[in-house]
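First comes the structure, then the notes that go with it.
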Amino acid sequence: MTFIRMAQSLSFVMVVALLAFPPLCSSQASGSTYLYPQFYHRSCPKAVEIVKSVVAKAVAREARMAASLLRLHFHDCFVKGCDASILLDTSGNMISEKNSIPNRNSARGFEVIDEIKSALEKECPHTVSCADIMALAARDSTVLTGGPSWDVPLGRRDSRDASLSGSNNNIPAPNNTFQTILTKFKLKKLNIVDMVALSGSHTIGNARCTTFRQRLYNQSGNGQPDFSLAQSYAAQLRTRCPKSGGDQNLFFLDFVSPTKFDNSYFKNLLANKGLLSSDQILTTQSAVSLELVKKYAANSELFFEQFAKSMLKMGNISPLTGSRGEIRKKCRKINT
């Protein structure tokens with residue numbers, strides 16, 4: 001009986017501990033504040049529904065937009081945290097992150113975020129942050145293309161500045177080494193499992209010729225192609241990605257099912273048909289990542305489950321909460 005009472009007491013302590021310290025906790029200078037899915041239930045009950053509706057219309061107009069909105073959230077979170085800094089236009093001494101190497105002529109979907117914000121401002125003025133809009137739009141884009149769903153913790157606030165240098169230095173690049181990319185993930189408290197799972201977002205979307213040209217012609221600076229790329233696939237790519245010119249020509253990241261969120265991306269990697277160097281090195285530079293690629297290629301449910309978990313972790317990178325930041329009236333500029 002004593003043992004049972006002890007077990008009951010321990011269970012009670014564990015429940016109290018879980019209530020006191022929910023999983024998505026962000027300690028800020030103003031104290032501990034939490035992100036939680038019901039954040040707008042009272043202040044703007046239709047918020048989640050409005051975001052989903054606008055995203056659905058945007059993706060129906062252009063299937064590529066789903067990948068663009070997902071990428072926009074990723075490129076935002078990896079700079080200063082998930083604070084919508086990527087949306088800010090250049091103003092005064094602040095240079096927009098849109099001008100960074102990873103984003104210039106590449107980041108897109110800003111008009112969709114504007115459309116969502118406009119609809120939300122009509123429904124509940126000065127209530128829903130642009131950072132939360134981006135997190136919801138990323139989830140909705142994943143679901144609309146056939147991927148997993150997850151409850152998005154909300155309550156982020158918007159930054160009042162941007163970081164061009166952070167955008168240039170913190171976002172993993174297509175030609176980075178495996179170790180460089182992994183280091184960039186670890187700096188955001190994401191691990192190799194998150195890195196491989198989140199790379200799976202390349203199951204949808206496109207990449208420009210300029211992001212992988214070196215693989216076709218001069219991978220190591222010796223005038224030789226990347227031999228980890230299937231040569232039959234490389235030959236197809238060369239027809240529209242010449243040695244010079246055609247920089248902006250678009251190619252599917254997953255040529256098998258380019259608009260469907262599935263695990264074909266991982267199957268392509270095992271066939272040496274990853275488009276970007278940063279894709280294929282998941283199978284060539286690490287036994288751990290290769291094993292994860294094999295698991296996700298064989299089991300889409302396992303990939304979906306981990307992708308949702310990793311998106312939740314990424315969405316909790318250094319959010320501004322409480323009294324930090326602001327709720328922008330328009331996503332492209334700070335309040336004045």
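We name chains A, B, ... following the order of the structure tokens; residues begin at 1 in each chain, and ligands are numbered from 1 as shown.
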
Original post:
Any idea what's packed within 9 Å of A:Lys309, counting only C-alpha atoms, ignoring anything in its chain fewer than 4 positions away? Could you give it as a list in words?
Top reply: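 Non-adjacent residues within range: Trp150, Asp194, Phe304, Glu305, Lys313 and Met314 of chain A.
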
**OP:** Among the residues of stretch 11-248 of chain A, find those DSSP assigns to alpha helix (DSSP H) from the backbone and print them as a ChimeraX atom specification.
**Re:** /A:11-20,47-61,65-80,110-123,130-144,164-170,178-186,192-199,213-217,231-238

I need the chosen residues saved as an mmCIF file, in the first residue's frame, with C-alpha atoms.
```
data_model
loop_
_atom_site.group_PDB
_atom_site.id
_atom_site.type_symbol
_atom_site.label_atom_id
_atom_site.label_comp_id
_atom_site.auth_asym_id
_atom_site.auth_seq_id
_atom_site.Cartn_x
_atom_site.Cartn_y
_atom_site.Cartn_z
ATOM 1 C CA SER A 11 2.231 10.709 -10.614
ATOM 2 C CA PHE A 12 0.685 13.817 -9.062
ATOM 3 C CA VAL A 13 4.072 15.560 -8.960
ATOM 4 C CA MET A 14 4.696 14.701 -12.613
ATOM 5 C CA VAL A 15 1.297 16.110 -13.647
ATOM 6 C CA VAL A 16 1.958 19.319 -11.728
ATOM 7 C CA ALA A 17 5.374 19.589 -13.347
ATOM 8 C CA LEU A 18 3.914 19.174 -16.830
ATOM 9 C CA LEU A 19 1.307 21.821 -16.130
ATOM 10 C CA ALA A 20 3.912 24.205 -14.789
ATOM 11 C CA ALA A 47 -7.979 33.716 -37.151
ATOM 12 C CA VAL A 48 -6.889 30.161 -37.968
ATOM 13 C CA GLU A 49 -9.839 29.699 -40.340
ATOM 14 C CA ILE A 50 -9.059 32.955 -42.185
ATOM 15 C CA VAL A 51 -5.411 32.033 -42.708
ATOM 16 C CA LYS A 52 -6.348 28.607 -44.018
ATOM 17 C CA SER A 53 -8.920 30.047 -46.424
ATOM 18 C CA VAL A 54 -6.533 32.568 -48.003
ATOM 19 C CA VAL A 55 -3.713 30.029 -48.272
ATOM 20 C CA ALA A 56 -6.050 27.505 -49.914
ATOM 21 C CA LYS A 57 -7.066 30.054 -52.557
ATOM 22 C CA ALA A 58 -3.441 31.036 -53.178
ATOM 23 C CA VAL A 59 -2.307 27.424 -53.623
ATOM 24 C CA ALA A 60 -5.295 26.731 -55.893
ATOM 25 C CA ARG A 61 -4.157 29.642 -58.075
ATOM 26 C CA MET A 65 2.931 28.815 -53.616
ATOM 27 C CA ALA A 66 2.695 26.073 -50.976
ATOM 28 C CA ALA A 67 6.443 25.476 -51.101
ATOM 29 C CA SER A 68 7.104 29.221 -51.187
ATOM 30 C CA LEU A 69 5.146 29.850 -47.968
ATOM 31 C CA LEU A 70 6.802 26.897 -46.236
ATOM 32 C CA ARG A 71 10.251 28.168 -47.247
ATOM 33 C CA LEU A 72 9.402 31.711 -46.144
ATOM 34 C CA HIS A 73 8.770 30.482 -42.586
ATOM 35 C CA PHE A 74 12.049 28.531 -42.622
ATOM 36 C CA HIS A 75 14.064 31.511 -43.876
ATOM 37 C CA ASP A 76 12.474 33.715 -41.230
ATOM 38 C CA CYS A 77 13.079 31.435 -38.243
ATOM 39 C CA PHE A 78 16.746 30.761 -39.055
ATOM 40 C CA VAL A 79 17.778 34.424 -38.861
ATOM 41 C CA LYS A 80 16.645 36.025 -35.593
ATOM 42 C CA PHE A 110 4.790 38.122 -49.590
ATOM 43 C CA GLU A 111 1.579 39.110 -51.365
ATOM 44 C CA VAL A 112 -0.227 36.130 -49.855
ATOM 45 C CA ILE A 113 0.910 37.115 -46.354
ATOM 46 C CA ASP A 114 -0.307 40.664 -47.082
ATOM 47 C CA GLU A 115 -3.686 39.303 -48.177
ATOM 48 C CA ILE A 116 -4.013 37.253 -44.993
ATOM 49 C CA LYS A 117 -3.007 40.201 -42.825
ATOM 50 C CA SER A 118 -5.526 42.479 -44.528
ATOM 51 C CA ALA A 119 -8.336 39.984 -43.922
ATOM 52 C CA LEU A 120 -7.334 39.571 -40.273
ATOM 53 C CA GLU A 121 -7.114 43.323 -39.696
ATOM 54 C CA LYS A 122 -10.712 43.628 -40.893
ATOM 55 C CA GLU A 123 -11.843 40.801 -38.608
ATOM 56 C CA CYS A 130 2.643 38.420 -38.929
ATOM 57 C CA ALA A 131 4.944 35.839 -37.326
ATOM 58 C CA ASP A 132 1.951 33.698 -36.360
ATOM 59 C CA ILE A 133 0.459 34.134 -39.820
ATOM 60 C CA MET A 134 3.649 32.689 -41.329
ATOM 61 C CA ALA A 135 3.660 29.720 -38.945
ATOM 62 C CA LEU A 136 0.027 28.914 -39.753
ATOM 63 C CA ALA A 137 0.544 29.394 -43.505
ATOM 64 C CA ALA A 138 3.478 26.953 -43.451
ATOM 65 C CA ARG A 139 1.341 24.306 -41.741
ATOM 66 C CA ASP A 140 -1.615 24.881 -44.052
ATOM 67 C CA SER A 141 0.618 24.698 -47.139
ATOM 68 C CA THR A 142 1.944 21.338 -45.971
ATOM 69 C CA VAL A 143 -1.548 19.946 -45.384
ATOM 70 C CA LEU A 144 -2.961 21.278 -48.668
ATOM 71 C CA LEU A 164 20.709 41.207 -43.564
ATOM 72 C CA SER A 165 23.930 39.684 -42.201
ATOM 73 C CA GLY A 166 21.966 37.090 -40.236
ATOM 74 C CA SER A 167 20.065 36.121 -43.363
ATOM 75 C CA ASN A 168 23.284 35.798 -45.360
ATOM 76 C CA ASN A 169 25.100 33.793 -42.695
ATOM 77 C CA ASN A 170 22.511 31.686 -40.842
ATOM 78 C CA PHE A 178 27.245 18.768 -44.619
ATOM 79 C CA GLN A 179 29.027 19.909 -41.454
ATOM 80 C CA THR A 180 28.286 23.585 -42.125
ATOM 81 C CA ILE A 181 24.590 22.877 -42.590
ATOM 82 C CA LEU A 182 24.444 20.703 -39.479
ATOM 83 C CA THR A 183 26.203 23.409 -37.478
ATOM 84 C CA LYS A 184 23.636 25.983 -38.618
ATOM 85 C CA PHE A 185 20.863 23.668 -37.437
ATOM 86 C CA LYS A 186 22.557 22.990 -34.102
ATOM 87 C CA ILE A 192 20.504 15.893 -37.351
ATOM 88 C CA VAL A 193 17.062 14.240 -37.213
ATOM 89 C CA ASP A 194 15.414 17.654 -37.614
ATOM 90 C CA MET A 195 17.834 18.501 -40.413
ATOM 91 C CA VAL A 196 16.966 15.416 -42.473
ATOM 92 C CA ALA A 197 13.226 15.645 -41.787
ATOM 93 C CA LEU A 198 13.008 19.344 -42.630
ATOM 94 C CA SER A 199 15.065 18.781 -45.788
ATOM 95 C CA ARG A 213 24.828 24.483 -61.890
ATOM 96 C CA GLN A 214 28.211 23.667 -60.353
ATOM 97 C CA ARG A 215 27.069 20.056 -59.859
ATOM 98 C CA LEU A 216 26.644 19.698 -63.611
ATOM 99 C CA TYR A 217 29.923 21.222 -64.747
ATOM 100 C CA GLN A 231 24.548 10.945 -64.895
ATOM 101 C CA SER A 232 21.331 10.255 -66.800
ATOM 102 C CA TYR A 233 19.580 12.784 -64.560
ATOM 103 C CA ALA A 234 22.470 15.231 -64.955
ATOM 104 C CA ALA A 235 22.173 14.995 -68.739
ATOM 105 C CA GLN A 236 18.481 15.943 -68.529
ATOM 106 C CA LEU A 237 19.267 18.901 -66.289
ATOM 107 C CA ARG A 238 21.971 20.213 -68.644
#
```

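In terms of minimum interatomic distance to A:Pro153, A:Gln38 ranks closest within A:Asn176, A:Gln38, A:Thr284, A:Gln219, counting only C-alpha atoms.
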
**OP:** Could you check which of A:Pro174, A:Asn206, A:Ser100, A:Leu154 is closest to A:Ala63, using only C-alpha atoms?
**Re:** A:Asn206

Original post:
Which residues come within 8 Å of A:Asp161, counting only C-alpha atoms, excluding same-chain residues fewer than 2 positions away, as a PyMOL selection string?
Top reply: chain A and resi 85+88+94+159+163+334

**OP:** Apply DSSP to the structure's backbone, then extract all residues of stretch 47-288 of chain A labelled strand (DSSP E or B) and return them as a list of chain:residue names.
**Re:**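 Selecting the strand (DSSP E or B) positions of stretch 47-288 of chain A gives A:Ser91, A:Met94, A:Leu154, A:Arg157, A:Asp158, A:Asn206, A:Ala207, A:Arg208, A:Leu250, A:Phe251, A:Phe252.
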
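Here atom CA of A:Pro37 stands at a distance of 25.8 Å from atom CA of A:Lys333.
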
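Here atom CA of A:Gly147 stands at a distance of 5.0 Å from atom CA of A:Phe261.
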
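Of the listed residues A:Asp151, A:Glu326, A:Asp158, A:Asp279, the one whose atoms come nearest to A:Phe212 is A:Asp279, with distances taken using only C-alpha atoms.
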
Original post:
Which residue out of A:Gly205, A:Gly246, A:Pro319, A:Pro45 has the minimum interatomic distance to A:Thr145 when only C-alpha atoms are used?
Top reply: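 With only C-alpha atoms as the atom set, the closest residue is A:Gly205.
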
Original post:
In Å, with one decimal, what is the gap from atom CA of A:Arg324 to atom CA of A:Ile95?
Top reply: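 Result for atom CA of A:Arg324 versus atom CA of A:Ile95: 21.2 Å, one decimal.
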
**OP:** Give the answer as one residue: which of A:Ala271, A:Leu250, A:Leu35, A:Ile86 has the shortest atom-to-atom distance to A:Ala297, using only C-alpha atoms?
**Re:** A:Ala271

Original post:
Could you pull the residues within 10 Å of A:Phe252, counting only C-alpha atoms, minus those fewer than 4 positions along the same chain, as a list in words?
Top reply: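 Final neighbour list, sorted by chain and number: Arg64, His202, Thr203, Ile204, Gly205, Asn206, Ala207, Arg208, Val256, Ser257, Pro258, Thr259 and Leu275 of chain A.
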
Go ahead and write the residues just picked, N, CA and C atoms, as a compact mmCIF listing (two decimals), in the first residue's frame.
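Once everything was written out, this is selection39.txt:
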```txt
# COMPACT_ATOMS: atom_id res chain seq x y z
N ARG A 64 2.76 26.05 -56.77
CA ARG A 64 4.11 26.34 -56.26
C ARG A 64 4.09 27.17 -54.98
N HIS A 202 11.63 19.58 -49.38
CA HIS A 202 11.98 19.68 -50.80
C HIS A 202 11.22 18.65 -51.64
N THR A 203 10.27 17.98 -51.03
CA THR A 203 9.37 17.12 -51.80
C THR A 203 8.42 17.97 -52.64
N ILE A 204 8.30 19.26 -52.33
CA ILE A 204 7.53 20.19 -53.16
C ILE A 204 8.41 21.40 -53.49
N GLY A 205 8.05 22.11 -54.54
CA GLY A 205 8.76 23.35 -54.85
C GLY A 205 9.79 23.22 -55.96
N ASN A 206 10.46 24.32 -56.20
CA ASN A 206 11.40 24.44 -57.31
C ASN A 206 12.72 25.04 -56.85
N ALA A 207 13.75 24.86 -57.68
CA ALA A 207 15.04 25.51 -57.46
C ALA A 207 15.52 26.07 -58.79
N ARG A 208 16.28 27.14 -58.72
CA ARG A 208 16.80 27.78 -59.93
C ARG A 208 18.09 27.10 -60.40
N VAL A 256 9.54 13.52 -59.32
CA VAL A 256 8.56 12.43 -59.36
C VAL A 256 7.15 12.93 -59.04
N SER A 257 7.02 13.69 -57.94
CA SER A 257 5.70 14.22 -57.53
C SER A 257 5.90 15.64 -57.02
N PRO A 258 6.18 16.59 -57.91
CA PRO A 258 6.63 17.93 -57.53
C PRO A 258 5.65 18.79 -56.75
N THR A 259 4.36 18.48 -56.82
CA THR A 259 3.38 19.29 -56.09
C THR A 259 2.69 18.49 -55.00
N LEU A 275 18.40 17.06 -56.34
CA LEU A 275 18.74 18.17 -57.22
C LEU A 275 19.88 19.02 -56.68
```

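In this comparison, which uses only C-alpha atoms, the residue of A:Pro102, A:Gly155, A:Gly223, A:Pro242 approaching A:Leu320 most closely is A:Gly155.
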